[in-house]
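Presented below is the structure to which this report refers.
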There are 2 protein chains.
Amino acid sequence: MKSAAQYLTIGRVAQDSGVGVETVRFYEREGLIERPERPPSGYRHYEPGVVRRMRFIQHAKGLGFSLHEIAELLSLRVAPDGTCAAVQARALSKIRDIEVKMAALRKMRRALLRLSEACAGPGPASECPILEALDQESPRARH
Amino acid sequence: MKSAAQYLTIGRVAQDSGVGVETVRFYEREGLIERPERPPSGYRHYEPGVVRRMRFIQHAKGLGFSLHEIAELLSLRVAPDGTCAAVQARALSKIRDIEVKMAALRKMRRALLRLSEACAGPGPASECPILEALDQESPRARH
DNA sequence: CTTGACTCCGTACCCCACTACAGGGTTCAT
DNA sequence: ATGAACCCTGTAGTGGGGTACGGAGTCAAG
């Protein structure tokens with residue numbers, strides 16, 4: 001079935017998304033992508049949009065979101081009616097998470113910059129400045 | 001042994017770092033913290049600095065670094081002798097990693113902001129702006 | 001010197017996110 | 001109509017990062 005077709009096979013989806021076939025099935029089981037049409041042959045017939053979704057998942061994973069969180073992110077879109085405020089609240093909460101992460105990463109980056117400068121300088125003694133980054137009262141923060 | 005002492009027991013370290021005792025031992029096995037002094041009793045005697053290190057590890061984990069990457073971060077310090085250029089190179093490489101992470105987070109944040117604005121609007125949540133963000137050629141990024 | 005909290009080590013188990021079979025069925029170019 | 005290349009289901013195994021025993025030794029307050 002190499003010939004032109006409206007649908008994509010699972011192999012094609014996997015290839016275009018840069019993952020393995022098994023991963024596509026896995027994401028289906030986990031509810032991250034919809035279960036596609038299934039003709040009598042049993043083969044999955046995907047529409048092209050799923051590749052986008054797959055790529056989004058890969059990308060979000062790279063940002064440290066768990067599959068569970070990604071599912072949440074993806075479900076934000078499906079606000080049928082009414083729950084708009086709730087959807088917005090979840091989005092804002094994710095935004096807060098992201099901002100906290102970015103702030104911490106900035107600190108770590110600064111620490112590394114200082115370290116590399118110390119290196120360039122006459123730097124005698126060893127103290128490790130990266131511990132100081134991110135140093136604050138116990139990160140009792142949940143999760 | 002509630003009385004004042006120079007050293008910390010593993011239980012104390014765990015408590016002060018917000019993790020379980022087993023986790024402290026686990027990090028020791030993994031080389032993330034030094035193996036502490038061991039008097040004949042076999043009990044681990046920690047100096048207070050380890051708590052800081054433990055907290056750093058927790059924090060870095062929250063930023064999406066793997067334990068292996070964290071070990072690398074922790075090993076970066078101005079070397080007493082020589083190897084300065086190597087340390088600096090590694091620091092700069094970590095800085096690059098961090099900047100990539102931050103850029104991705106910025107994108108995600110923008111997408112979420114757009115979503116939340118769309119949500120705030122009068123209409124239905126309409127099309128999904130989240131999928132549009134981060135939509136680009138396959139994130140073949142290593143790691 | 002007992003008692004309860006703490007520690008030791010080793011092994012086993014857990015969740016997550018895949019990844020790899022095994023043993024079949026389907027498609028399609030030749 | 002055959003064979004390579006694909007797909008199916010189901011189960012099992014992997015690696016990362018812990019978490020939970022079990023059975024025994026240690027510490028210090030009463």
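Chain labels run A, B, ... following the order of the structure tokens; each chain numbers its residues from 1, and ligands are numbered from 1 in the order shown.
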12 Å contacts from chain A to chain D using only C-alpha atoms (C1' of nucleotides), as a ChimeraX atom specification
/A:1-2,9-12,21-22,25,38,40-45
Please produce, as a Markdown table, a per-residue contact table for chain C versus chain B (criterion: any atom at most 10 Å away, only C-alpha atoms (C1' of nucleotides) considered), showing the nearest atom pair and its distance in Å to one decimal, sorted by chain then residue number.
| residue | atom | partner | partner_atom | distance |
| --- | --- | --- | --- | --- |
| C:DA5 | C1' | B:Met1 | CA | 9.2 |
| C:DC6 | C1' | B:Gly11 | CA | 8.0 |
| C:DT7 | C1' | B:Tyr43 | CA | 6.3 |
| C:DC8 | C1' | B:Gly42 | CA | 6.9 |
Create the file for the chosen residues now, containing C-alpha atoms (C1' of nucleotides) and written as a JSON list (two decimals), in the first residue's frame.
[["chain", "number", "residue", "atom", "x", "y", "z"],
["C", 5, "DA", "C1'", 13.67, 4.62, 67.86],
["C", 6, "DC", "C1'", 16.98, 4.50, 64.74],
["C", 7, "DT", "C1'", 20.36, 2.22, 61.45],
["C", 8, "DC", "C1'", 22.47, -1.51, 58.66]]
The residue from B:Lys107, B:Arg77, B:Arg90, B:Arg96 with the smallest atom-to-atom distance to chain A, counting only C-alpha atoms, is B:Arg77
Using atom C1' of C:DA17 and atom CA of B:Glu99 as the two end points, give the distance in Å to one decimal.
25.4 Å
What's around B:Leu73 at 10 Å? Count only C-alpha atoms (C1' of nucleotides), leave out sequence neighbours fewer than 5 positions away in its own chain, and write the answer as a ChimeraX atom specification.
/A:108,112,130-131 /B:57,60,65,67-68,90-91,94
